[in-house]
>>> print(open('work_30.cif').read())   # mmCIF, C-alpha atoms and all ligand atoms
data_query
loop_
_atom_site.label_atom_id
_atom_site.label_comp_id
_atom_site.auth_asym_id
_atom_site.auth_seq_id
_atom_site.Cartn_x
_atom_site.Cartn_y
_atom_site.Cartn_z
CA MET R 1138 -87.69 -16.63 45.24
CA SER R 1139 -84.23 -15.24 44.79
CA ASP R 1140 -82.43 -18.58 45.07
CA THR R 1141 -83.88 -19.56 41.71
CA VAL R 1142 -81.37 -17.11 40.20
CA PRO R 1143 -77.97 -18.71 40.65
CA PRO R 1144 -74.90 -16.53 41.20
CA GLN R 1145 -71.95 -16.69 38.82
CA PRO R 1146 -69.92 -19.93 38.97
CA GLY R 1147 -67.36 -19.99 41.77
CA ILE R 1148 -69.12 -17.48 44.03
CA MET R 1149 -70.75 -20.04 46.34
CA GLN R 1150 -67.42 -21.88 46.77
CA ILE R 1151 -65.87 -18.79 48.37
CA ALA R 1152 -65.21 -19.25 52.09
CA LEU R 1153 -66.04 -16.06 53.99
CA TYR R 1154 -63.00 -14.03 55.04
CA GLU R 1155 -62.52 -14.03 58.80
CA ALA R 1156 -60.90 -10.89 60.13
CA GLY R 1157 -58.71 -10.93 63.22
CA THR R 1158 -60.86 -11.14 66.35
CA SER R 1159 -61.27 -7.75 68.00
CA HIS R 1160 -63.18 -8.55 71.21
CA LEU R 1161 -63.07 -11.02 74.07
CA ALA R 1162 -66.35 -11.83 75.80
CA GLY R 1163 -66.63 -10.07 79.14
CA ARG R 1164 -63.55 -7.87 78.70
CA THR R 1165 -63.29 -4.25 77.69
CA ASP R 1166 -59.50 -3.98 78.08
CA ALA R 1167 -58.45 -6.66 75.58
CA LEU R 1168 -55.12 -6.11 73.85
CA LYS R 1169 -55.68 -6.59 70.12
CA LEU R 1170 -52.63 -7.95 68.33
CA SER R 1171 -54.52 -9.84 65.65
CA SER R 1172 -54.75 -7.48 62.64
CA ASN R 1173 -51.27 -5.98 62.17
CA GLU R 1174 -52.46 -2.50 63.11
CA ASN R 1175 -50.04 0.29 64.03
CA PRO R 1176 -50.05 0.56 67.87
CA PHE R 1177 -49.35 4.30 67.58
CA GLY R 1178 -52.44 4.89 65.44
CA PRO R 1179 -52.53 7.40 62.60
CA SER R 1180 -50.45 10.56 62.24
CA GLN R 1181 -51.90 13.58 64.06
CA LYS R 1182 -51.83 15.38 60.71
CA ALA R 1183 -54.06 12.68 59.19
CA ARG R 1184 -56.48 12.94 62.13
CA ASP R 1185 -56.66 16.72 61.67
CA ALA R 1186 -57.21 16.40 57.91
CA VAL R 1187 -60.08 13.95 58.41
CA ALA R 1188 -61.62 16.23 61.06
CA ARG R 1189 -61.49 19.16 58.62
CA ALA R 1190 -62.90 17.05 55.77
CA VAL R 1191 -66.13 16.25 57.64
CA HIS R 1192 -67.28 19.82 56.99
CA GLN R 1193 -67.35 19.06 53.27
CA MET R 1194 -69.27 15.79 53.46
CA HIS R 1195 -72.22 17.19 51.53
CA ARG R 1196 -69.91 17.48 48.52
CA TYR R 1197 -69.04 14.62 46.19
CA PRO R 1198 -65.33 13.83 46.34
CA PRO R 1199 -63.03 14.25 43.33
CA THR R 1200 -63.07 11.28 40.96
CA ASP R 1201 -59.45 11.49 39.79
CA HIS R 1202 -57.71 11.42 43.22
CA ALA R 1203 -55.26 13.93 41.74
CA ALA R 1204 -54.07 15.45 45.03
CA LEU R 1205 -53.49 12.10 46.72
CA ARG R 1206 -51.74 10.65 43.65
CA GLN R 1207 -49.53 13.74 43.48
CA ALA R 1208 -48.59 13.41 47.16
CA ILE R 1209 -47.77 9.71 46.77
CA ALA R 1210 -45.77 10.44 43.62
CA GLU R 1211 -43.73 13.18 45.32
CA VAL R 1212 -42.97 11.12 48.40
CA HIS R 1213 -41.99 7.98 46.47
CA GLY R 1214 -40.49 9.59 43.35
CA LEU R 1215 -43.12 8.09 41.02
CA ASP R 1216 -45.17 9.17 38.00
CA PRO R 1217 -48.64 10.21 39.31
CA ASP R 1218 -50.26 9.09 36.06
CA ARG R 1219 -49.31 5.51 36.81
CA ILE R 1220 -50.93 5.42 40.26
CA ILE R 1221 -54.45 4.16 40.99
CA CYS R 1222 -56.13 4.49 44.40
CA GLY R 1223 -58.62 2.04 45.83
CA VAL R 1224 -60.75 1.25 48.86
CA GLY R 1225 -57.83 -0.49 50.52
CA SER R 1226 -55.47 -2.56 48.43
CA ASP R 1227 -58.21 -5.20 48.67
CA GLU R 1228 -60.19 -3.27 46.09
CA ILE R 1229 -57.21 -3.11 43.75
CA ILE R 1230 -56.66 -6.87 44.09
CA HIS R 1231 -60.33 -7.19 43.16
CA PHE R 1232 -59.95 -4.88 40.12
CA LEU R 1233 -56.97 -6.91 38.90
CA CYS R 1234 -58.90 -10.18 39.10
CA GLN R 1235 -62.02 -8.69 37.52
CA ALA R 1236 -60.04 -7.16 34.67
CA TYR R 1237 -57.53 -9.92 33.94
CA ALA R 1238 -58.87 -13.20 35.32
CA GLY R 1239 -62.08 -15.06 34.54
CA PRO R 1240 -63.43 -18.48 33.62
CA GLY R 1241 -60.72 -20.61 32.02
CA THR R 1242 -57.85 -18.65 33.56
CA GLU R 1243 -55.66 -19.33 36.59
CA VAL R 1244 -54.55 -17.07 39.41
CA LEU R 1245 -51.38 -18.12 41.26
CA PHE R 1246 -50.37 -17.32 44.80
CA THR R 1247 -48.21 -18.93 47.45
CA GLU R 1248 -49.27 -21.66 49.85
CA HIS R 1249 -49.42 -19.37 52.90
CA GLY R 1250 -50.44 -16.29 50.91
CA PHE R 1251 -53.04 -13.65 51.76
CA LEU R 1252 -56.60 -15.09 51.63
CA MET R 1253 -57.96 -12.21 49.52
CA TYR R 1254 -56.13 -13.52 46.43
CA ARG R 1255 -58.16 -16.71 46.46
CA ILE R 1256 -61.41 -14.87 47.21
CA SER R 1257 -60.97 -12.30 44.42
CA ALA R 1258 -59.87 -14.95 41.90
CA MET R 1259 -62.97 -17.05 42.64
CA ALA R 1260 -65.23 -13.99 42.52
CA ALA R 1261 -64.00 -13.44 38.97
CA GLY R 1262 -64.66 -17.09 38.06
CA ALA R 1263 -60.96 -17.93 37.70
CA ALA R 1264 -59.25 -21.01 39.12
CA PRO R 1265 -57.19 -20.22 42.26
CA VAL R 1266 -53.88 -22.12 42.32
CA ALA R 1267 -51.78 -22.28 45.51
CA VAL R 1268 -48.10 -23.03 44.99
CA ARG R 1269 -45.96 -24.55 47.75
CA GLU R 1270 -43.46 -22.46 49.67
CA ARG R 1271 -40.03 -23.50 50.93
CA GLU R 1272 -39.64 -23.20 54.71
CA ARG R 1273 -42.50 -20.67 54.85
CA THR R 1274 -40.83 -18.54 52.18
CA THR R 1275 -41.95 -17.73 48.62
CA ASP R 1276 -40.37 -20.23 46.20
CA ILE R 1277 -39.81 -18.50 42.85
CA ASP R 1278 -38.94 -21.74 41.03
CA ALA R 1279 -42.13 -23.37 42.29
CA LEU R 1280 -44.17 -20.39 41.03
CA ILE R 1281 -42.49 -20.56 37.62
CA ALA R 1282 -43.17 -24.31 37.48
CA GLY R 1283 -46.77 -23.74 38.58
CA ALA R 1284 -47.54 -21.26 35.80
CA THR R 1285 -49.38 -22.47 32.69
CA PRO R 1286 -50.52 -20.73 29.49
CA ALA R 1287 -53.78 -20.00 31.37
CA THR R 1288 -52.04 -18.10 34.18
CA ARG R 1289 -53.03 -14.42 34.15
CA LEU R 1290 -52.09 -13.15 37.59
CA ILE R 1291 -49.46 -14.09 40.17
CA PHE R 1292 -49.81 -12.55 43.63
CA VAL R 1293 -46.77 -12.42 45.88
CA ALA R 1294 -46.94 -10.54 49.17
CA ASN R 1295 -43.41 -9.36 49.94
CA PRO R 1296 -42.94 -9.41 52.92
CA ASN R 1297 -45.60 -12.10 53.12
CA ASN R 1298 -48.49 -12.22 55.57
CA PRO R 1299 -48.67 -14.33 57.78
CA THR R 1300 -45.09 -15.63 57.50
CA GLY R 1301 -43.22 -12.29 57.65
CA THR R 1302 -40.55 -13.61 55.27
CA MET R 1303 -39.56 -12.03 51.95
CA VAL R 1304 -37.56 -12.65 48.79
CA ALA R 1305 -35.17 -10.33 46.94
CA LEU R 1306 -36.45 -8.06 44.17
CA ASP R 1307 -34.16 -9.65 41.57
CA GLU R 1308 -35.90 -12.96 42.29
CA LEU R 1309 -39.26 -11.30 41.62
CA GLU R 1310 -37.86 -9.88 38.40
CA ARG R 1311 -36.79 -13.38 37.38
CA LEU R 1312 -40.37 -14.57 37.99
CA ALA R 1313 -41.95 -11.74 35.98
CA ARG R 1314 -39.63 -12.40 33.04
CA ALA R 1315 -40.21 -16.17 33.16
CA VAL R 1316 -44.02 -15.78 33.04
CA PRO R 1317 -44.71 -13.00 30.53
CA GLN R 1318 -48.29 -14.22 29.94
CA ALA R 1319 -49.19 -13.10 33.46
CA ILE R 1320 -49.10 -9.94 35.56
CA LEU R 1321 -46.94 -10.27 38.66
CA VAL R 1322 -48.61 -8.37 41.49
CA ILE R 1323 -46.16 -7.51 44.25
CA ASP R 1324 -48.29 -6.87 47.31
CA ALA R 1325 -46.12 -4.47 49.30
CA ALA R 1326 -48.50 -3.91 52.22
CA TYR R 1327 -45.63 -4.33 54.69
CA SER R 1328 -42.80 -2.81 52.61
CA GLU R 1329 -42.47 0.25 54.88
CA TYR R 1330 -41.41 -2.07 57.71
CA VAL R 1331 -38.46 -3.48 55.76
CA SER R 1332 -35.17 -2.00 56.95
CA GLY R 1333 -32.92 -0.12 54.55
CA ASP R 1334 -34.22 1.88 51.60
CA TYR R 1335 -36.47 -0.84 50.18
CA ASP R 1336 -38.81 0.48 47.45
CA GLY R 1337 -41.38 -2.33 47.67
CA GLY R 1338 -41.00 -3.17 43.98
CA ALA R 1339 -41.71 0.35 42.64
CA GLU R 1340 -38.71 0.35 40.33
CA LEU R 1341 -39.68 -3.06 38.92
CA ALA R 1342 -43.24 -1.86 38.34
CA ALA R 1343 -41.80 1.21 36.59
CA ARG R 1344 -39.55 -0.83 34.31
CA LEU R 1345 -41.32 -4.11 33.45
CA PRO R 1346 -44.53 -4.33 31.37
CA ASN R 1347 -46.10 -7.04 33.56
CA VAL R 1348 -45.40 -5.93 37.13
CA VAL R 1349 -47.82 -4.08 39.42
CA MET R 1350 -47.04 -3.06 43.00
CA THR R 1351 -49.86 -2.59 45.52
CA ARG R 1352 -49.55 -0.55 48.73
CA THR R 1353 -51.83 0.28 51.63
CA PHE R 1354 -52.55 2.95 54.24
CA SER R 1355 -53.83 0.23 56.59
CA LYS R 1356 -50.54 -0.88 58.10
CA ILE R 1357 -47.71 1.55 58.93
CA TYR R 1358 -49.97 4.57 58.35
CA GLY R 1359 -52.42 3.28 60.94
CA LEU R 1360 -55.47 3.98 58.77
CA GLY R 1361 -57.06 0.55 58.36
CA GLY R 1362 -60.46 2.01 59.24
CA LEU R 1363 -60.25 4.68 56.55
CA ARG R 1364 -59.81 2.14 53.72
CA VAL R 1365 -57.24 3.50 51.28
CA GLY R 1366 -54.73 1.62 49.14
CA TRP R 1367 -52.95 2.28 45.88
CA ALA R 1368 -51.07 0.59 43.09
CA TYR R 1369 -48.25 1.52 40.70
CA GLY R 1370 -47.77 -0.11 37.35
CA PRO R 1371 -47.53 0.18 33.58
CA ARG R 1372 -49.75 2.92 32.17
CA ALA R 1373 -51.72 0.40 30.08
CA ILE R 1374 -52.65 -1.68 33.12
CA ILE R 1375 -53.56 1.35 35.26
CA ASP R 1376 -55.80 2.52 32.40
CA VAL R 1377 -57.60 -0.84 32.37
CA LEU R 1378 -58.15 -0.79 36.14
CA ASN R 1379 -59.46 2.78 36.08
CA ARG R 1380 -62.22 1.71 33.69
CA ILE R 1381 -63.76 -0.59 36.29
CA ARG R 1382 -63.08 1.65 39.28
CA GLY R 1383 -66.15 3.39 40.67
CA PRO R 1384 -65.68 7.13 40.10
CA PHE R 1385 -66.40 7.95 43.76
CA ASN R 1386 -64.70 4.91 45.31
CA LEU R 1387 -62.79 7.01 47.85
CA SER R 1388 -64.58 9.44 50.17
CA GLY R 1389 -63.39 13.00 50.77
CA PRO R 1390 -62.20 12.26 54.34
CA ALA R 1391 -60.35 9.18 53.09
CA LEU R 1392 -58.58 11.14 50.34
CA ASP R 1393 -57.61 14.02 52.65
CA GLY R 1394 -56.54 11.76 55.51
CA ALA R 1395 -54.36 9.61 53.28
CA GLU R 1396 -52.74 12.63 51.67
CA ALA R 1397 -51.81 14.12 55.05
CA ALA R 1398 -50.59 10.70 56.21
CA VAL R 1399 -48.28 10.05 53.28
CA ARG R 1400 -46.68 13.48 53.71
CA ASP R 1401 -45.96 12.90 57.41
CA ARG R 1402 -42.69 11.01 57.06
CA ALA R 1403 -41.75 11.54 60.72
CA HIS R 1404 -44.66 9.35 61.83
CA VAL R 1405 -43.67 6.62 59.36
CA ASP R 1406 -40.01 6.75 60.44
CA HIS R 1407 -40.92 6.59 64.13
CA SER R 1408 -43.30 3.67 63.56
CA ARG R 1409 -40.71 1.77 61.51
CA ALA R 1410 -37.93 2.29 64.05
CA GLU R 1411 -40.05 1.27 67.04
CA ASN R 1412 -41.37 -1.77 65.16
CA ALA R 1413 -37.86 -2.93 64.24
CA ARG R 1414 -36.63 -2.54 67.82
CA LEU R 1415 -39.59 -4.33 69.42
CA ARG R 1416 -39.81 -7.02 66.72
CA GLY R 1417 -36.21 -8.00 67.43
CA TRP R 1418 -36.87 -7.93 71.16
CA LEU R 1419 -40.06 -10.02 70.97
CA ALA R 1420 -38.59 -12.62 68.60
CA ALA R 1421 -35.59 -13.06 70.88
CA ALA R 1422 -37.75 -13.19 74.02
CA LEU R 1423 -40.01 -15.86 72.50
CA ALA R 1424 -37.04 -17.90 71.25
CA GLU R 1425 -35.57 -17.84 74.77
CA ARG R 1426 -38.84 -19.28 76.03
CA GLY R 1427 -38.75 -22.09 73.46
CA VAL R 1428 -40.93 -20.51 70.76
CA PRO R 1429 -39.01 -19.95 67.50
CA SER R 1430 -40.04 -17.76 64.56
CA ASP R 1431 -38.63 -16.99 61.12
CA THR R 1432 -36.86 -13.64 60.79
CA SER R 1433 -39.74 -11.24 60.18
CA CYS R 1434 -39.51 -8.23 57.86
CA ALA R 1435 -43.00 -7.00 58.78
CA ASN R 1436 -44.91 -5.76 61.86
CA PHE R 1437 -45.66 -9.19 63.28
CA VAL R 1438 -43.92 -12.42 64.16
CA LEU R 1439 -45.17 -15.88 63.33
CA ALA R 1440 -44.62 -17.85 66.53
CA ARG R 1441 -44.12 -21.59 65.94
CA PHE R 1442 -45.18 -24.29 68.37
CA ALA R 1443 -44.60 -28.05 68.49
CA ASP R 1444 -48.05 -28.80 67.10
CA ALA R 1445 -51.54 -27.39 66.52
CA ALA R 1446 -52.77 -28.42 69.99
CA THR R 1447 -49.97 -26.46 71.68
CA ALA R 1448 -50.65 -23.38 69.53
CA GLU R 1449 -54.33 -23.64 70.40
CA ALA R 1450 -53.59 -24.00 74.12
CA CYS R 1451 -51.24 -21.01 74.02
CA ASP R 1452 -53.91 -18.98 72.23
CA ALA R 1453 -56.35 -19.89 75.03
CA ALA R 1454 -53.80 -18.82 77.67
CA LEU R 1455 -53.32 -15.50 75.88
CA ARG R 1456 -57.08 -14.95 75.73
CA ASP R 1457 -57.39 -15.69 79.44
CA ALA R 1458 -54.82 -12.95 79.94
CA GLY R 1459 -56.84 -10.57 77.72
CA ILE R 1460 -54.58 -10.78 74.66
CA ILE R 1461 -55.91 -11.47 71.16
CA VAL R 1462 -53.49 -12.83 68.55
CA ARG R 1463 -54.21 -14.44 65.19
CA ARG R 1464 -54.77 -18.15 64.70
CA VAL R 1465 -53.52 -18.97 61.21
CA ALA R 1466 -54.86 -22.49 60.62
CA GLY R 1467 -56.81 -20.99 57.69
CA TYR R 1468 -53.44 -20.15 56.13
CA GLY R 1469 -52.22 -23.74 56.45
CA LEU R 1470 -50.25 -22.97 59.62
CA PRO R 1471 -52.25 -24.59 62.45
CA HIS R 1472 -49.16 -24.89 64.70
CA CYS R 1473 -48.46 -21.15 64.54
CA LEU R 1474 -49.81 -17.92 66.01
CA ARG R 1475 -49.30 -14.57 64.30
CA ILE R 1476 -48.58 -11.83 66.82
CA THR R 1477 -48.67 -8.17 65.81
CA ILE R 1478 -45.84 -6.03 67.22
CA GLY R 1479 -47.55 -3.67 69.65
CA ASP R 1480 -45.96 -0.99 71.80
CA GLU R 1481 -43.31 -1.89 74.36
CA ALA R 1482 -45.73 -2.69 77.19
CA SER R 1483 -47.79 -4.94 74.88
CA CYS R 1484 -44.72 -6.87 73.71
CA ARG R 1485 -43.67 -7.41 77.33
CA ARG R 1486 -47.13 -8.65 78.26
CA VAL R 1487 -47.18 -11.14 75.37
CA ALA R 1488 -43.70 -12.45 76.15
CA HIS R 1489 -44.61 -12.81 79.82
CA VAL R 1490 -47.80 -14.79 79.18
CA ILE R 1491 -46.20 -17.06 76.56
CA GLY R 1492 -43.22 -17.57 78.88
CA GLN R 1493 -45.53 -18.66 81.70
CA PHE R 1494 -47.43 -20.93 79.33
CA MET R 1495 -44.27 -22.65 78.11
CA ALA R 1496 -42.92 -23.03 81.65
CA GLU R 1497 -46.17 -24.67 82.79
CA ARG R 1498 -46.05 -26.99 79.80
CA ALA R 1499 -42.49 -27.98 80.62
CA ARG R 1500 -43.43 -28.65 84.27
CA GLY R 1501 -46.43 -30.71 83.13
CA ALA R 1502 -44.24 -32.77 80.84
CA ALA R 1503 -41.69 -33.39 83.60
CA LEU R 1504 -44.30 -34.75 86.05
C1 LIG Q 1601 -53.23 -6.04 55.43
C2 LIG Q 1601 -52.87 -6.49 54.07
C3 LIG Q 1601 -53.27 -5.76 52.96
C4 LIG Q 1601 -54.00 -4.47 53.12
O1 LIG Q 1601 -55.30 -4.56 52.79
P1 LIG Q 1601 -56.16 -3.21 52.75
O2 LIG Q 1601 -57.32 -3.59 51.93
O3 LIG Q 1601 -55.31 -2.18 52.08
O4 LIG Q 1601 -56.49 -2.86 54.15
C5 LIG Q 1601 -52.91 -6.21 51.72
N1 LIG Q 1601 -52.18 -7.33 51.57
C6 LIG Q 1601 -51.75 -8.02 52.62
C7 LIG Q 1601 -50.90 -9.22 52.40
C8 LIG Q 1601 -52.10 -7.64 53.90
O5 LIG Q 1601 -51.70 -8.36 54.94
#
>>> encode(input="work_30.cif", output="structure tokens", more="lines below")
Ligand SMILES: *Cc1c(COP(=O)(O)O)cnc(C)c1O
Amino acid sequence: MSDTVPPQPGIMQIALYEAGTSHLAGRTDALKLSSNENPFGPSQKARDAVARAVHQMHRYPPTDHAALRQAIAEVHGLDPDRIICGVGSDEIIHFLCQAYAGPGTEVLFTEHGFLMYRISAMAAGAAPVAVRERERTTDIDALIAGATPATRLIFVANPNNPTGTMVALDELERLARAVPQAILVIDAAYSEYVSGDYDGGAELAARLPNVVMTRTFSKIYGLGGLRVGWAYGPRAIIDVLNRIRGPFNLSGPALDGAEAAVRDRAHVDHSRAENARLRGWLAAALAERGVPSDTSCANFVLARFADAATAEACDAALRDAGIIVRRVAGYGLPHCLRITIGDEASCRRVAHVIGQFMAERARGAAL
């Protein structure tokens, strides 16, 4: 009987990760705005590269990811020897916890931070520690105060998911310097959506001995289904992570698709520009209808309602209209809904349904 062999401590306390819903019962035309996917999909060049790669599927892929690392390095002006690629950035988060956290150590993250930090910390047997935020924004002083001699990793998503807010890089540098016993992991999954020439934390990861930046092909590159992420950091840390990385962790189609995607800057620029335009439009439209949100730097807005019951009722109204958004009660935000920025028609549909919902509420309250 296999349940006579207990798993490692901490494993059974892990709550299963719930992905954004992708289907509504009885509907085939549902609009999915629950997983922060790029509404334009992947670059045509990435699609073509994956299609070509299927002819080589009888071959094992390269183990060193040299071509993909070189492409990433050229595009971002980085040293290819300090890049590691993983099965999504999720796998890299996992490597970091496996390599640096364990029983007797602590892993810090913010109150409304990405759920994978907690899961990976617990999988490694470490104690997960959530630190409060200030007005749904990372609080550097609270993180510094929350660190102890047992802290080994601090995860900060910047911009954060599901809040969409971010802090300045000099604040993150202050955190890294204040907690030298830990590695600061800057999760830059949404950095391409930040306006201006934001580097996601690459320069910090190049300069400081305890900063790692993680990136993903799942968001602006529109390749969530291909599963590719990467990290940049000090050579010593990348060397450690490579020792626990499976040699064939990335498939040939994944490597080729990601390489073509990172080189197609026009697709990234178009996606960023459209997102910025529609994010501003949707946030303003929702605010006009009585639904505020914090200024988002990512490809979603976190819509705030009076209370959890109203958020739940609005979610039900959206579902009735065939629209799936993300409930974020699991992130400690039961009165909010996270809405991915879709294309223009999708944004208009969402604003229309939420507008109707709020108007009906107001009429109900006036009766
Ligand atoms: C979506 C997301 C990721 C990306 O995960 P992948 O494993 O690369 O798909 C990482 N961090 C955050 C905060 C995210 O929201």
>>> closest_residue(input="work_30.cif", among="R:Val1244, R:Cys1473, R:Cys1434, R:Ala1267", to="Cys1451 (chain R)", atoms="only C-alpha atoms")
R:Cys1473
>>> residues_near_ligand(input="work_30.cif", ligand="ligand LIG 1601 (chain Q)", cutoff="9 Å", atoms="only C-alpha atoms and all ligand atoms", output="PyMOL selection string")
chain R and resi 1172-1174+1223-1230+1250-1254+1293-1299+1324-1327+1351-1356+1360-1367
>>> atom_distance(input="work_30.cif", atom1="CA of Val1405 (chain R)", atom2="CA of Tyr1369 (chain R)")
19.9 Å
>>> atom_distance(input="work_30.cif", atom1="CA of Ala1488 (chain R)", atom2="CA of Val1465 (chain R)")
19.0 Å
>>> closest_atom_pairs(input="work_30.cif", of="region 1200-1301 of chain R", to="region 1305-1322 of chain R", cutoff="9 Å", atoms="only C-alpha atoms", output="CSV")
residue,atom,partner,partner_atom,distance
R:Ile1230,CA,R:Val1322,CA,8.6
R:Leu1233,CA,R:Val1322,CA,8.9
R:Tyr1237,CA,R:Ile1320,CA,8.6
R:Val1244,CA,R:Ala1319,CA,8.9
R:Ile1277,CA,R:Leu1312,CA,6.3
R:Asp1278,CA,R:Leu1312,CA,7.9
R:Leu1280,CA,R:Leu1312,CA,7.6
R:Ile1281,CA,R:Leu1312,CA,6.4
R:Ala1284,CA,R:Val1316,CA,7.1
R:Thr1285,CA,R:Val1316,CA,8.6
R:Pro1286,CA,R:Gln1318,CA,6.9
R:Ala1287,CA,R:Gln1318,CA,8.1
R:Thr1288,CA,R:Ala1319,CA,5.8
R:Arg1289,CA,R:Ala1319,CA,4.1
R:Leu1290,CA,R:Ile1320,CA,4.8
R:Ile1291,CA,R:Leu1321,CA,4.8
R:Phe1292,CA,R:Val1322,CA,4.8
R:Val1293,CA,R:Val1322,CA,6.2
R:Ala1294,CA,R:Val1322,CA,8.2
R:Asn1295,CA,R:Ala1305,CA,8.8
>>> closest_residue(input="work_30.cif", among="R:Arg1485, R:Asp1393, R:Leu1474, R:Asp1480", to="Val1191 (chain R)", atoms="all atoms listed in the file")
R:Asp1393
>>> residues_around(input="work_30.cif", residues="Phe1437 (chain R)", least_positions_apart="5", cutoff="8 Å", atoms="all atoms listed in the file", output="PDB file with C-alpha atoms, keeping the file's coordinate frame")
ATOM      1  CA  ASN R1173     -51.270  -5.980  62.170  1.00  0.00           C
ATOM      2  CA  GLY R1301     -43.220 -12.290  57.650  1.00  0.00           C
ATOM      3  CA  ARG R1416     -39.810  -7.020  66.720  1.00  0.00           C
ATOM      4  CA  ARG R1475     -49.300 -14.570  64.300  1.00  0.00           C
ATOM      5  CA  ILE R1476     -48.580 -11.830  66.820  1.00  0.00           C
ATOM      6  CA  THR R1477     -48.670  -8.170  65.810  1.00  0.00           C
ATOM      7  CA  ILE R1478     -45.840  -6.030  67.220  1.00  0.00           C
TER       8      ILE R1478
END
>>> closest_residue(input="work_30.cif", among="R:Ala1279, R:Ala1238, R:Val1331, R:Ala1446", to="Thr1302 (chain R)", atoms="only C-alpha atoms")
R:Val1331
>>> atom_distance(input="work_30.cif", atom1="CA of Gly1333 (chain R)", atom2="CA of Thr1275 (chain R)")
20.7 Å
>>> closest_residue(input="work_30.cif", among="R:Ala1391, R:Ala1502, R:Ala1282, R:Ile1375", to="Ala1236 (chain R)", atoms="all atoms listed in the file")
R:Ile1375
>>> closest_residue(input="work_30.cif", among="R:Ala1210, R:Leu1415, R:Ala1503, R:Ile1461", to="Gly1157 (chain R)", atoms="all atoms listed in the file")
R:Ile1461
>>> closest_residue(input="work_30.cif", among="R:Gly1394, R:Leu1161, R:Arg1219, R:Ala1260", to="Ala1373 (chain R)", atoms="all atoms listed in the file")
R:Arg1219
>>> residues_around(input="work_30.cif", residues="Ile1460 (chain R)", least_positions_apart="2", cutoff="10 Å", atoms="all atoms listed in the file", output="compact mmCIF listing (two decimals) with C-alpha atoms, keeping the file's coordinate frame")
# COMPACT_ATOMS: atom_id res chain seq x y z
CA SER R 1159 -61.27 -7.75 68.00
CA HIS R 1160 -63.18 -8.55 71.21
CA LEU R 1161 -63.07 -11.02 74.07
CA ASP R 1166 -59.50 -3.98 78.08
CA ALA R 1167 -58.45 -6.66 75.58
CA LEU R 1168 -55.12 -6.11 73.85
CA LYS R 1169 -55.68 -6.59 70.12
CA LEU R 1170 -52.63 -7.95 68.33
CA SER R 1171 -54.52 -9.84 65.65
CA ASP R 1452 -53.91 -18.98 72.23
CA ALA R 1453 -56.35 -19.89 75.03
CA ALA R 1454 -53.80 -18.82 77.67
CA LEU R 1455 -53.32 -15.50 75.88
CA ARG R 1456 -57.08 -14.95 75.73
CA ASP R 1457 -57.39 -15.69 79.44
CA ALA R 1458 -54.82 -12.95 79.94
CA VAL R 1462 -53.49 -12.83 68.55
CA ILE R 1476 -48.58 -11.83 66.82
CA SER R 1483 -47.79 -4.94 74.88
CA ARG R 1486 -47.13 -8.65 78.26
CA VAL R 1487 -47.18 -11.14 75.37
CA VAL R 1490 -47.80 -14.79 79.18
>>> axis_aligned_box(input="work_30.cif", around="region 1376-1382 of chain R", padding_each_side="5 Å", output="JSON")
{"center_x": -59.8, "center_y": 1.0, "center_z": 35.8, "size_x": 18.0, "size_y": 13.6, "size_z": 16.9}
>>> residues_around(input="work_30.cif", residues="Arg1189 (chain R)", least_positions_apart="2", cutoff="12 Å", atoms="all atoms listed in the file", output="number ranges by chain")
R: 1182-1187, 1191-1194, 1389-1394, 1397
>>> closest_atom_pairs(input="work_30.cif", of="region 1183-1244 of chain R", to="region 1147-1152 of chain R", cutoff="12 Å", atoms="only C-alpha atoms", output="CSV")
residue,atom,partner,partner_atom,distance
R:Gly1239,CA,R:Gly1147,CA,10.2
R:Pro1240,CA,R:Gly1147,CA,9.2
R:Gly1241,CA,R:Gly1147,CA,11.8
>>> decode(input="work_30.cif", residues="region 1343-1350 of chain R", atoms="N, CA and C atoms", output="tab-separated table (two decimals), in the first residue's frame")
chain	number	residue	atom	x	y	z
R	1343	ALA	N	22.75	41.56	-13.32
R	1343	ALA	CA	24.12	41.53	-13.86
R	1343	ALA	C	25.12	42.04	-12.82
R	1344	ARG	N	24.68	42.95	-11.98
R	1344	ARG	CA	25.60	43.68	-11.10
R	1344	ARG	C	25.67	43.14	-9.68
R	1345	LEU	N	24.55	42.66	-9.12
R	1345	LEU	CA	24.54	42.24	-7.71
R	1345	LEU	C	24.72	40.72	-7.59
R	1346	PRO	N	25.38	40.26	-6.54
R	1346	PRO	CA	25.66	38.83	-6.40
R	1346	PRO	C	24.46	38.01	-5.95
R	1347	ASN	N	23.38	38.68	-5.50
R	1347	ASN	CA	22.23	37.94	-4.96
R	1347	ASN	C	20.91	38.34	-5.61
R	1348	VAL	N	20.98	38.68	-6.92
R	1348	VAL	CA	19.75	38.99	-7.64
R	1348	VAL	C	19.64	38.12	-8.88
R	1349	VAL	N	18.46	37.50	-9.04
R	1349	VAL	CA	18.14	36.71	-10.24
R	1349	VAL	C	16.87	37.29	-10.83
R	1350	MET	N	16.84	37.40	-12.16
R	1350	MET	CA	15.62	37.85	-12.84
R	1350	MET	C	15.04	36.69	-13.64
